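The structure appears below as structure tokens.
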Amino acid sequence: MNFEWKTELETGITGLDRQHKQIFNCISKFFQKCDEGAEAEELEQLFCSLDTYTREHFSYEENMQRYCKYPGLDEQQKQHALFLGDLNELKSFVGGNGTSREVTLRMKGNLIRWFNRHINLLDKEFVNFFNRQ
Ligand SMILES: [Fe+2]
Ligand SMILES: [Fe+2]
């Protein structure tokens, strides 16, 4: 699974792009540390940052959408909630007694796939709407 941030993921709205990149880097670092067999404490800290950045971003984005009465807000909220569900699943094994490489790879794949799809399909659709306002 390719982890590099690609410029094609940029939406052109600096605030959103900065937050997306921050979350992306956080996912990348988290799984890199998993591969390196980092201590649970370090993984917990990284998970905490990932969780915080993600929640901050979703609420920032949803507020923007609410403010400009974006008709796709419901769908965005549903999708955001799904991602938070995946993060919760990740959390359950961060504090546990380790995880298998198989589980880590699956989680990594899910998060990155979701992220790429979500930005390319939904967030970019919103940005098109926003730019037409
Ligand atoms: Fe979004
Ligand atoms: Fe977003």
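Chain labels follow the order of the structure tokens: the first chain is A, the next B, and so on; residue numbering restarts at 1 in every chain, and ligands are counted from 1 in their shown order.
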Please identify every polymer residue within 8 Å of ligand 1, using only C-alpha atoms and all ligand atoms, and present the set as a PyMOL selection string. chain A and resi 58+61-62+76-77+79-80+118-119+122-123
Mind listing the residues within 12 Å of ligand 2, only C-alpha atoms and all ligand atoms counted, as a ChimeraX atom specification? /A:9-11,13-24,53-65,73,76-77,79-80,83,114-127
Expected file: the selected residues, C-alpha atoms, as an mmCIF file, in the first residue's frame:
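As written to disk, selection09.cif reads:
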data_model
loop_
_atom_site.group_PDB
_atom_site.id
_atom_site.type_symbol
_atom_site.label_atom_id
_atom_site.label_comp_id
_atom_site.auth_asym_id
_atom_site.auth_seq_id
_atom_site.Cartn_x
_atom_site.Cartn_y
_atom_site.Cartn_z
ATOM 1 C CA LEU A 9 -5.096 14.565 -3.335
ATOM 2 C CA GLU A 10 -4.970 18.318 -2.847
ATOM 3 C CA THR A 11 -8.280 20.149 -3.023
ATOM 4 C CA ILE A 13 -8.269 24.807 -0.024
ATOM 5 C CA THR A 14 -5.158 25.298 2.081
ATOM 6 C CA GLY A 15 -6.739 24.577 5.470
ATOM 7 C CA LEU A 16 -8.297 21.310 4.332
ATOM 8 C CA ASP A 17 -5.165 20.195 2.523
ATOM 9 C CA ARG A 18 -2.990 20.880 5.537
ATOM 10 C CA GLN A 19 -5.309 18.858 7.780
ATOM 11 C CA HIS A 20 -5.616 15.989 5.299
ATOM 12 C CA LYS A 21 -1.856 15.825 5.011
ATOM 13 C CA GLN A 22 -1.436 15.866 8.772
ATOM 14 C CA ILE A 23 -3.844 12.930 9.199
ATOM 15 C CA PHE A 24 -2.212 11.059 6.351
ATOM 16 C CA TYR A 53 -6.427 15.507 14.260
ATOM 17 C CA THR A 54 -9.156 13.452 12.637
ATOM 18 C CA ARG A 55 -11.935 14.662 14.927
ATOM 19 C CA GLU A 56 -10.773 18.272 14.609
ATOM 20 C CA HIS A 57 -10.681 17.986 10.855
ATOM 21 C CA PHE A 58 -14.109 16.393 10.536
ATOM 22 C CA SER A 59 -15.720 19.018 12.706
ATOM 23 C CA TYR A 60 -13.916 21.835 10.831
ATOM 24 C CA GLU A 61 -15.039 20.451 7.494
ATOM 25 C CA GLU A 62 -18.610 19.774 8.603
ATOM 26 C CA ASN A 63 -18.873 23.314 10.019
ATOM 27 C CA MET A 64 -17.736 24.727 6.701
ATOM 28 C CA GLN A 65 -20.340 22.600 4.939
ATOM 29 C CA LEU A 73 -23.419 17.272 4.484
ATOM 30 C CA GLN A 76 -20.129 13.464 4.643
ATOM 31 C CA GLN A 77 -21.185 12.965 8.255
ATOM 32 C CA GLN A 79 -18.698 8.686 5.950
ATOM 33 C CA HIS A 80 -16.805 10.509 8.687
ATOM 34 C CA PHE A 83 -13.876 6.312 9.587
ATOM 35 C CA TRP A 114 -10.968 5.190 2.840
ATOM 36 C CA PHE A 115 -8.922 8.336 2.984
ATOM 37 C CA ASN A 116 -7.989 8.367 -0.694
ATOM 38 C CA ARG A 117 -11.534 7.600 -1.811
ATOM 39 C CA HIS A 118 -13.119 10.077 0.552
ATOM 40 C CA ILE A 119 -10.932 12.988 -0.514
ATOM 41 C CA ASN A 120 -11.142 12.179 -4.205
ATOM 42 C CA LEU A 121 -14.880 11.648 -4.313
ATOM 43 C CA LEU A 122 -16.614 13.487 -1.477
ATOM 44 C CA ASP A 123 -14.273 16.237 -0.298
ATOM 45 C CA LYS A 124 -13.459 17.315 -3.838
ATOM 46 C CA GLU A 125 -17.156 17.395 -4.663
ATOM 47 C CA PHE A 126 -17.674 19.704 -1.708
ATOM 48 C CA VAL A 127 -14.778 21.925 -2.758
#
I'd like the contact shell of segment 41-43 of chain A - 9 Å cut-off, only C-alpha atoms, skipping same-chain residues fewer than 4 positions apart - returned as a PDB file with C-alpha atoms, in the first residue's frame.
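Heads up, here's the output in part.pdb:
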ATOM      1  CA  PHE A  30       1.540   4.959  13.286  1.00  0.00           C
ATOM      2  CA  PHE A  31       1.867   1.938  11.020  1.00  0.00           C
ATOM      3  CA  LYS A  33       5.961   2.284  14.302  1.00  0.00           C
ATOM      4  CA  CYS A  34       3.769  -0.831  14.402  1.00  0.00           C
ATOM      5  CA  PHE A  47      -3.020   6.994  18.097  1.00  0.00           C
ATOM      6  CA  CYS A  48      -4.108   9.889  20.297  1.00  0.00           C
ATOM      7  CA  VAL A  94      -3.436  -0.407  20.522  1.00  0.00           C
ATOM      8  CA  GLY A  95      -4.056  -0.874  24.216  1.00  0.00           C
TER       9      GLY A  95
END
Among segment 7-42 of chain A, which ones does DSSP assign to alpha helix (DSSP H) (computed from the backbone)? Answer as a PyMOL selection string. chain A and resi 14-35+40-42
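Minimum atom-to-atom distances from A:Lys29, A:Arg66, A:Thr7, A:Gly12 to Asn131 of chain A were compared using only C-alpha atoms, and the lowest value belongs to A:Gly12.
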Of the listed residues A:Tyr67, A:Gly72, A:Ala38, A:Lys91, that which approaches Asp51 of chain A most closely, counting only C-alpha atoms: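 So, comparing all the options, the nearest one is A:Lys91.
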Rounded to one decimal place, report the atom CA of Asn110 of chain A-atom CA of Phe130 of chain A distance in Å.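 The value is 28.1 Å.
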What does the distance from atom CA of Asn128 of chain A to atom CA of Glu4 of chain A come to in Å, to one decimal?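 Those two atoms sit 24.5 Å apart.
Pairwise distance (atom CA of Glu75 of chain A, atom CA of Lys108 of chain A) equals 23.3 Å.
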